[in-house]
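Student: My questions will all concern the structure given below.
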Amino acid sequence: MEQRTVLVVLFEGVQSLDVTGPVEVFTGATHCLTDPADGYLVRTASMDGKPVRTSSGLTLVPDHALPDAPVPHTLLVPGGTGTRPPDPELIDWLRAHGPRARRLVSVCTGAIRLAEAGLLEGRRATTHWAYCAKLAEDHPGIEVDPDPIYVRDGHVATSAGVTAGIDLALALVEEDLGRQVALTVARYLVVFLRRPGNQAQFSVQLAAQTARREPLREVQQWITEHPADDLSVDALAARARLSPRHFARAFQAETGLTPGKYVERVRVEHARRLLEDTSDGVEEVSRACGYGTPETMRRAFIKALGTAPAEYRRRFHPTPA
């Protein structure tokens, strides 16, 4: 097995976790192997080889100057506030050397630098949710998907904000070295083994607004923790000690979603996790998520995701390597 070199690009204002998250995953995977030469050789490089200051004030000392760095197996471009000002020298380097790497990876707004170098043209990509619209506007030749936590398009992989870089790195380790190695690293870092790339950047709780009033916030939490319970408007209104009509109006005004829509999204999200992370049967999952019958869950999945639960599991449930 060949050793895979990973070259991480550094620049002033880089997001430190965009760098250290994937680096910890790749180096952790190497430490899991009997022969480290079968793992990753991780190196960092700035344009001039000098230390850079991250957006949080940390100083990172690179291993190389980019012009002197060897051609890597994986070239990783992190994001951060440093991607906002123009950097013609770095863009020129990426344009010239990016195509030589066997795999191109960006974390967060690192996708902006890849786009500026023309390396995402004609491809599907993502970035931090706050910059997806700008990326699409500035580069109409890129199919920007604002929802997933990471996107793979051939040898190019782009991820959403910050911690999504860890998810993407784990997926790459699983592809390169197998699920058991990725699982060991995930356990050590105390993170999920593998959030599938199509998982939304926001959970339902983050995507929806948090209610201002405490009774409504408590109802939001109750829905999340009890998806199999009676979550009708009448039942939820009773929990909030409001009339059904008053509750429905207040809930939508404060969260941006009707109670029914919120419950629907929570149940689909919970069912997705069970299908991804457990071996429970579809019928068992449907009961655990409050659907009652597999057919009800199937209709909800097709409406929300465009695919049936069984097909979803086939595509996104990890299988042993």
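Residue numbering restarts at 1 in every chain; chains get A, B, ... in the order shown in the structure tokens, and ligands count up from 1 in that same order.
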Which residues of range 161-272 of chain A come within 12 Å of range 55-74 of chain A, and what is each one's closest atom pair and distance in Å (one decimal), counting only C-alpha atoms, sorted by chain and residue number, as CSV?
Tutor:
residue,atom,partner,partner_atom,distance
A:Ala169,CA,A:Thr74,CA,10.8
A:Leu172,CA,A:Thr74,CA,10.1
A:Val173,CA,A:Thr74,CA,11.7
A:Asp176,CA,A:Thr74,CA,11.6
Student: Just to be explicit: take each residue in the selection above, keep N, CA and C atoms, and write the result as a compact mmCIF listing (two decimals), in the first residue's frame.
Tutor:
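Written output follows (part-v3.txt):
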# COMPACT_ATOMS: atom_id res chain seq x y z
N ALA A 169 -12.99 14.34 5.97
CA ALA A 169 -11.73 13.62 6.17
C ALA A 169 -11.99 12.18 6.61
N LEU A 172 -12.95 10.18 3.63
CA LEU A 172 -11.79 9.88 2.79
C LEU A 172 -10.95 8.76 3.39
N VAL A 173 -10.80 8.78 4.73
CA VAL A 173 -10.07 7.70 5.40
C VAL A 173 -10.79 6.37 5.21
N ASP A 176 -10.05 5.19 1.77
CA ASP A 176 -8.66 4.80 1.55
C ASP A 176 -8.25 3.57 2.36
Student: Taking only C-alpha atoms into account, produce a table as JSON lines in which each residue of range 45-139 of chain A with an atom at most 9 Å from an atom of range 19-38 of chain A appears once, together with its shortest atom pair and the distance in Å to one decimal, ordered by chain and rising number.
Tutor:
{"residue": "A:Leu76", "atom": "CA", "partner": "A:Val19", "partner_atom": "CA", "distance": 8.7}
{"residue": "A:Val77", "atom": "CA", "partner": "A:Val19", "partner_atom": "CA", "distance": 8.5}
{"residue": "A:Pro78", "atom": "CA", "partner": "A:Val19", "partner_atom": "CA", "distance": 6.1}
{"residue": "A:Gly79", "atom": "CA", "partner": "A:Val19", "partner_atom": "CA", "distance": 8.5}
{"residue": "A:Val107", "atom": "CA", "partner": "A:Val19", "partner_atom": "CA", "distance": 8.4}
Student: So that I can check the secondary structure, give me every residue of range 82-151 of chain A assigned strand (DSSP E) by backbone DSSP, as a list in words.
Tutor: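 Of range 82-151 of chain A, only Arg103, Leu104, Val105, Ser106, Arg124, Ala125, Glu143, Val144, Tyr150 and Val151 of chain A fall in strand (DSSP E).
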Student: Env of range 159-168 of chain A: 6 Å cut, atoms = only C-alpha atoms, seq-sep filter 4 positions within chain, self excluded. Answer as a PyMOL selection string.
Tutor: chain A and resi 18+21-22+107-108+126-128+149-150
Student: When you draw a straight line from CA of Gly260 in chain A to CA of Gly281 in chain A, how long is it in Å?
Tutor: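 A separation of 25.5 Å between them.
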Student: Tell me, as a list in words, which residues lie within 10 Å of Leu231 in chain A, counting only C-alpha atoms; anything in the same chain fewer than 6 positions away does not count.
Tutor: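 These residues fall inside the cut-off: Val219, Trp222, Ile223, Ala237, Pro259, Gly260, Val263, Glu264 and Gly290 of chain A.
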Student: Would you pick out the contacts of Asp234 in chain A at 12 Å or less, using only C-alpha atoms, so that residues sharing its chain but fewer than 5 positions from it are not included, and give the list as a PyMOL selection string?
Tutor: chain A and resi 239-248+259-260
Student: With only C-alpha atoms as the counted atoms, please give the residues lying no more than 12 Å from Arg152 in chain A, apart from itself and same-chain residues fewer than 2 positions off, as a VMD selection string.
Tutor: chain A and resid 103 to 106 120 123 to 126 145 148 to 150 154 to 160 168 to 169 171 to 172 196 to 198
Student: Calculated over only C-alpha atoms, which of the candidates A:Leu135, A:Ala308, A:Val42, A:Val266 has the smallest distance to Val282 in chain A?
Tutor: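 With only C-alpha atoms as the atom set, the closest residue is A:Ala308.
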Student: Which of range 142-263 of chain A end up as helix (DSSP H, G or I) when DSSP is run on this backbone - answer as an mmCIF file with N, CA and C atoms, in the first residue's frame?
Tutor:
data_model
loop_
_atom_site.group_PDB
_atom_site.id
_atom_site.type_symbol
_atom_site.label_atom_id
_atom_site.label_comp_id
_atom_site.auth_asym_id
_atom_site.auth_seq_id
_atom_site.Cartn_x
_atom_site.Cartn_y
_atom_site.Cartn_z
ATOM 1 N N ALA A 164 -17.432 20.234 9.306
ATOM 2 C CA ALA A 164 -17.719 19.367 8.161
ATOM 3 C C ALA A 164 -16.431 18.857 7.537
ATOM 4 N N GLY A 165 -15.330 19.584 7.738
ATOM 5 C CA GLY A 165 -14.041 19.109 7.248
ATOM 6 C C GLY A 165 -13.624 17.808 7.918
ATOM 7 N N ILE A 166 -14.020 17.630 9.178
ATOM 8 C CA ILE A 166 -13.740 16.382 9.887
ATOM 9 C C ILE A 166 -14.564 15.252 9.279
ATOM 10 N N ASP A 167 -15.841 15.520 8.997
ATOM 11 C CA ASP A 167 -16.700 14.519 8.364
ATOM 12 C C ASP A 167 -16.127 14.074 7.022
ATOM 13 N N LEU A 168 -15.700 15.037 6.226
ATOM 14 C CA LEU A 168 -15.157 14.711 4.917
ATOM 15 C C LEU A 168 -13.858 13.918 5.057
ATOM 16 N N ALA A 169 -12.989 14.339 5.975
ATOM 17 C CA ALA A 169 -11.728 13.621 6.173
ATOM 18 C C ALA A 169 -11.986 12.179 6.608
ATOM 19 N N LEU A 170 -12.956 11.960 7.487
ATOM 20 C CA LEU A 170 -13.292 10.600 7.906
ATOM 21 C C LEU A 170 -13.802 9.775 6.730
ATOM 22 N N ALA A 171 -14.598 10.391 5.864
ATOM 23 C CA ALA A 171 -15.097 9.678 4.685
ATOM 24 C C ALA A 171 -13.944 9.299 3.761
ATOM 25 N N LEU A 172 -12.946 10.178 3.629
ATOM 26 C CA LEU A 172 -11.793 9.876 2.787
ATOM 27 C C LEU A 172 -10.951 8.757 3.395
ATOM 28 N N VAL A 173 -10.803 8.781 4.729
ATOM 29 C CA VAL A 173 -10.068 7.705 5.398
ATOM 30 C C VAL A 173 -10.788 6.373 5.211
ATOM 31 N N GLU A 174 -12.108 6.392 5.345
ATOM 32 C CA GLU A 174 -12.877 5.160 5.158
ATOM 33 C C GLU A 174 -12.690 4.631 3.735
ATOM 34 N N GLU A 175 -12.650 5.524 2.772
ATOM 35 C CA GLU A 175 -12.448 5.120 1.380
ATOM 36 C C GLU A 175 -11.042 4.553 1.166
ATOM 37 N N ASP A 176 -10.052 5.191 1.774
ATOM 38 C CA ASP A 176 -8.661 4.801 1.555
ATOM 39 C C ASP A 176 -8.250 3.568 2.357
ATOM 40 N N LEU A 177 -8.651 3.531 3.639
ATOM 41 C CA LEU A 177 -8.104 2.544 4.571
ATOM 42 C C LEU A 177 -9.144 1.621 5.181
ATOM 43 N N ARG A 179 -13.384 1.008 6.819
ATOM 44 C CA ARG A 179 -14.285 1.542 7.837
ATOM 45 C C ARG A 179 -13.725 1.395 9.245
ATOM 46 N N GLN A 180 -13.025 0.301 9.520
ATOM 47 C CA GLN A 180 -12.556 0.082 10.885
ATOM 48 C C GLN A 180 -11.565 1.152 11.313
ATOM 49 N N VAL A 181 -10.694 1.551 10.404
ATOM 50 C CA VAL A 181 -9.733 2.612 10.734
ATOM 51 C C VAL A 181 -10.476 3.920 10.981
ATOM 52 N N ALA A 182 -11.432 4.245 10.103
ATOM 53 C CA ALA A 182 -12.208 5.480 10.277
ATOM 54 C C ALA A 182 -12.981 5.449 11.589
ATOM 55 N N LEU A 183 -13.532 4.283 11.932
ATOM 56 C CA LEU A 183 -14.280 4.160 13.176
ATOM 57 C C LEU A 183 -13.374 4.366 14.387
ATOM 58 N N THR A 184 -12.179 3.824 14.337
ATOM 59 C CA THR A 184 -11.235 3.987 15.447
ATOM 60 C C THR A 184 -10.876 5.457 15.643
ATOM 61 N N VAL A 185 -10.627 6.159 14.547
ATOM 62 C CA VAL A 185 -10.294 7.587 14.634
ATOM 63 C C VAL A 185 -11.480 8.371 15.179
ATOM 64 N N ALA A 186 -12.680 8.079 14.682
ATOM 65 C CA ALA A 186 -13.875 8.786 15.134
ATOM 66 C C ALA A 186 -14.092 8.586 16.632
ATOM 67 N N ARG A 187 -13.897 7.365 17.107
ATOM 68 C CA ARG A 187 -14.057 7.099 18.537
ATOM 69 C C ARG A 187 -13.043 7.883 19.358
ATOM 70 N N TYR A 188 -11.809 7.931 18.864
ATOM 71 C CA TYR A 188 -10.766 8.655 19.584
ATOM 72 C C TYR A 188 -11.077 10.150 19.647
ATOM 73 N N LEU A 189 -11.608 10.684 18.564
ATOM 74 C CA LEU A 189 -11.938 12.117 18.517
ATOM 75 C C LEU A 189 -13.313 12.407 19.109
ATOM 76 N N VAL A 204 -32.679 20.080 12.069
ATOM 77 C CA VAL A 204 -33.963 20.792 12.109
ATOM 78 C C VAL A 204 -33.933 21.867 13.184
ATOM 79 N N GLN A 205 -33.358 21.525 14.336
ATOM 80 C CA GLN A 205 -33.357 22.471 15.460
ATOM 81 C C GLN A 205 -32.556 23.720 15.128
ATOM 82 N N LEU A 206 -31.476 23.578 14.346
ATOM 83 C CA LEU A 206 -30.685 24.746 13.990
ATOM 84 C C LEU A 206 -31.282 25.495 12.814
ATOM 85 N N ALA A 207 -31.878 24.764 11.885
ATOM 86 C CA ALA A 207 -32.453 25.412 10.702
ATOM 87 C C ALA A 207 -33.658 26.259 11.070
ATOM 88 N N GLU A 214 -40.452 30.481 26.681
ATOM 89 C CA GLU A 214 -39.994 29.216 27.252
ATOM 90 C C GLU A 214 -40.934 28.043 26.988
ATOM 91 N N PRO A 215 -42.260 28.185 27.127
ATOM 92 C CA PRO A 215 -43.120 27.022 26.865
ATOM 93 C C PRO A 215 -42.973 26.482 25.446
ATOM 94 N N LEU A 216 -42.778 27.380 24.477
ATOM 95 C CA LEU A 216 -42.621 26.938 23.099
ATOM 96 C C LEU A 216 -41.253 26.296 22.880
ATOM 97 N N ARG A 217 -40.215 26.843 23.532
ATOM 98 C CA ARG A 217 -38.892 26.208 23.445
ATOM 99 C C ARG A 217 -38.936 24.812 24.045
ATOM 100 N N GLU A 218 -39.652 24.646 25.147
ATOM 101 C CA GLU A 218 -39.768 23.331 25.766
ATOM 102 C C GLU A 218 -40.490 22.355 24.844
ATOM 103 N N VAL A 219 -41.488 22.848 24.110
ATOM 104 C CA VAL A 219 -42.196 21.994 23.165
ATOM 105 C C VAL A 219 -41.256 21.572 22.031
ATOM 106 N N GLN A 220 -40.446 22.495 21.528
ATOM 107 C CA GLN A 220 -39.475 22.141 20.494
ATOM 108 C C GLN A 220 -38.565 21.011 20.971
ATOM 109 N N GLN A 221 -38.073 21.137 22.183
ATOM 110 C CA GLN A 221 -37.190 20.112 22.734
ATOM 111 C C GLN A 221 -37.939 18.795 22.920
ATOM 112 N N TRP A 222 -39.180 18.859 23.369
ATOM 113 C CA TRP A 222 -39.991 17.661 23.577
ATOM 114 C C TRP A 222 -40.188 16.909 22.257
ATOM 115 N N ILE A 223 -40.468 17.645 21.198
ATOM 116 C CA ILE A 223 -40.648 17.021 19.889
ATOM 117 C C ILE A 223 -39.380 16.258 19.483
ATOM 118 N N THR A 224 -38.233 16.895 19.676
ATOM 119 C CA THR A 224 -36.964 16.275 19.304
ATOM 120 C C THR A 224 -36.700 14.997 20.088
ATOM 121 N N GLU A 225 -37.040 15.015 21.383
ATOM 122 C CA GLU A 225 -36.721 13.887 22.254
ATOM 123 C C GLU A 225 -37.779 12.789 22.236
ATOM 124 N N VAL A 233 -51.250 18.874 17.099
ATOM 125 C CA VAL A 233 -51.332 20.251 17.587
ATOM 126 C C VAL A 233 -52.030 20.289 18.947
ATOM 127 N N ASP A 234 -53.083 19.517 19.104
ATOM 128 C CA ASP A 234 -53.804 19.503 20.383
ATOM 129 C C ASP A 234 -52.897 19.047 21.514
ATOM 130 N N ALA A 235 -52.120 17.971 21.282
ATOM 131 C CA ALA A 235 -51.244 17.447 22.330
ATOM 132 C C ALA A 235 -50.125 18.425 22.657
ATOM 133 N N LEU A 236 -49.546 19.041 21.629
ATOM 134 C CA LEU A 236 -48.466 19.989 21.857
ATOM 135 C C LEU A 236 -48.981 21.267 22.513
ATOM 136 N N ALA A 237 -50.163 21.703 22.124
ATOM 137 C CA ALA A 237 -50.756 22.901 22.731
ATOM 138 C C ALA A 237 -51.020 22.666 24.207
ATOM 139 N N ALA A 238 -51.490 21.469 24.551
ATOM 140 C CA ALA A 238 -51.738 21.157 25.964
ATOM 141 C C ALA A 238 -50.436 21.210 26.754
ATOM 142 N N ARG A 239 -49.347 20.733 26.146
ATOM 143 C CA ARG A 239 -48.047 20.765 26.836
ATOM 144 C C ARG A 239 -47.593 22.201 27.039
ATOM 145 N N ALA A 240 -47.906 23.080 26.093
ATOM 146 C CA ALA A 240 -47.514 24.491 26.214
ATOM 147 C C ALA A 240 -48.522 25.300 27.015
ATOM 148 N N PRO A 244 -55.150 25.312 21.160
ATOM 149 C CA PRO A 244 -54.560 24.848 19.894
ATOM 150 C C PRO A 244 -54.374 25.964 18.877
ATOM 151 N N ARG A 245 -55.368 26.819 18.741
ATOM 152 C CA ARG A 245 -55.255 27.887 17.748
ATOM 153 C C ARG A 245 -54.153 28.872 18.116
ATOM 154 N N HIS A 246 -54.130 29.277 19.388
ATOM 155 C CA HIS A 246 -53.094 30.199 19.849
ATOM 156 C C HIS A 246 -51.717 29.569 19.706
ATOM 157 N N PHE A 247 -51.600 28.301 20.087
ATOM 158 C CA PHE A 247 -50.319 27.609 20.007
ATOM 159 C C PHE A 247 -49.826 27.554 18.563
ATOM 160 N N ALA A 248 -50.684 27.159 17.642
ATOM 161 C CA ALA A 248 -50.270 27.016 16.241
ATOM 162 C C ALA A 248 -49.771 28.342 15.675
ATOM 163 N N ARG A 249 -50.495 29.437 15.996
ATOM 164 C CA ARG A 249 -50.071 30.756 15.499
ATOM 165 C C ARG A 249 -48.744 31.166 16.120
ATOM 166 N N ALA A 250 -48.617 30.991 17.436
ATOM 167 C CA ALA A 250 -47.407 31.419 18.129
ATOM 168 C C ALA A 250 -46.191 30.590 17.697
ATOM 169 N N PHE A 251 -46.398 29.284 17.537
ATOM 170 C CA PHE A 251 -45.285 28.411 17.149
ATOM 171 C C PHE A 251 -44.742 28.807 15.783
ATOM 172 N N GLN A 252 -45.632 29.033 14.829
ATOM 173 C CA GLN A 252 -45.179 29.406 13.495
ATOM 174 C C GLN A 252 -44.522 30.782 13.500
ATOM 175 N N ALA A 253 -45.085 31.708 14.269
ATOM 176 C CA ALA A 253 -44.522 33.054 14.318
ATOM 177 C C ALA A 253 -43.110 33.049 14.893
ATOM 178 N N GLU A 254 -42.848 32.179 15.858
ATOM 179 C CA GLU A 254 -41.556 32.215 16.553
ATOM 180 C C GLU A 254 -40.522 31.252 15.971
ATOM 181 N N THR A 255 -40.961 30.220 15.251
ATOM 182 C CA THR A 255 -39.995 29.268 14.690
ATOM 183 C C THR A 255 -39.893 29.340 13.176
ATOM 184 N N PRO A 259 -46.402 23.804 13.328
ATOM 185 C CA PRO A 259 -46.091 22.632 14.167
ATOM 186 C C PRO A 259 -46.012 21.347 13.352
ATOM 187 N N GLY A 260 -46.929 21.178 12.404
ATOM 188 C CA GLY A 260 -46.927 19.964 11.599
ATOM 189 C C GLY A 260 -45.670 19.817 10.764
ATOM 190 N N LYS A 261 -45.220 20.913 10.150
ATOM 191 C CA LYS A 261 -44.006 20.876 9.337
ATOM 192 C C LYS A 261 -42.773 20.607 10.201
ATOM 193 N N TYR A 262 -42.738 21.209 11.381
ATOM 194 C CA TYR A 262 -41.606 20.989 12.280
ATOM 195 C C TYR A 262 -41.542 19.524 12.693
ATOM 196 N N VAL A 263 -42.676 18.955 13.088
ATOM 197 C CA VAL A 263 -42.737 17.543 13.490
ATOM 198 C C VAL A 263 -42.313 16.652 12.331
#
Student: So that I can see what lies close to Gly82 in chain A, please list as a list in words the residues with an atom at most 12 Å from it, counting only C-alpha atoms and leaving out residues fewer than 3 positions away in the same chain.
Tutor: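 Non-adjacent residues within range: Val9, Leu10, Phe11, Glu12, Gly13, Val14, Gln15, Ser16, Val52, Arg53, Thr54, Ser55, Ser56, Val77, Pro78, Gly79, Pro85, Pro86, Asp87, Leu90, Cys108, Thr109, Gly110, Ile112 and Arg113 of chain A.
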Student: Which residue gives the smallest distance to Ala130 in chain A among A:Glu89, A:Glu116, A:Glu269, A:Asp147, with only C-alpha atoms counted?
Tutor: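 For Ala130 in chain A, the nearest of the candidates is A:Asp147.
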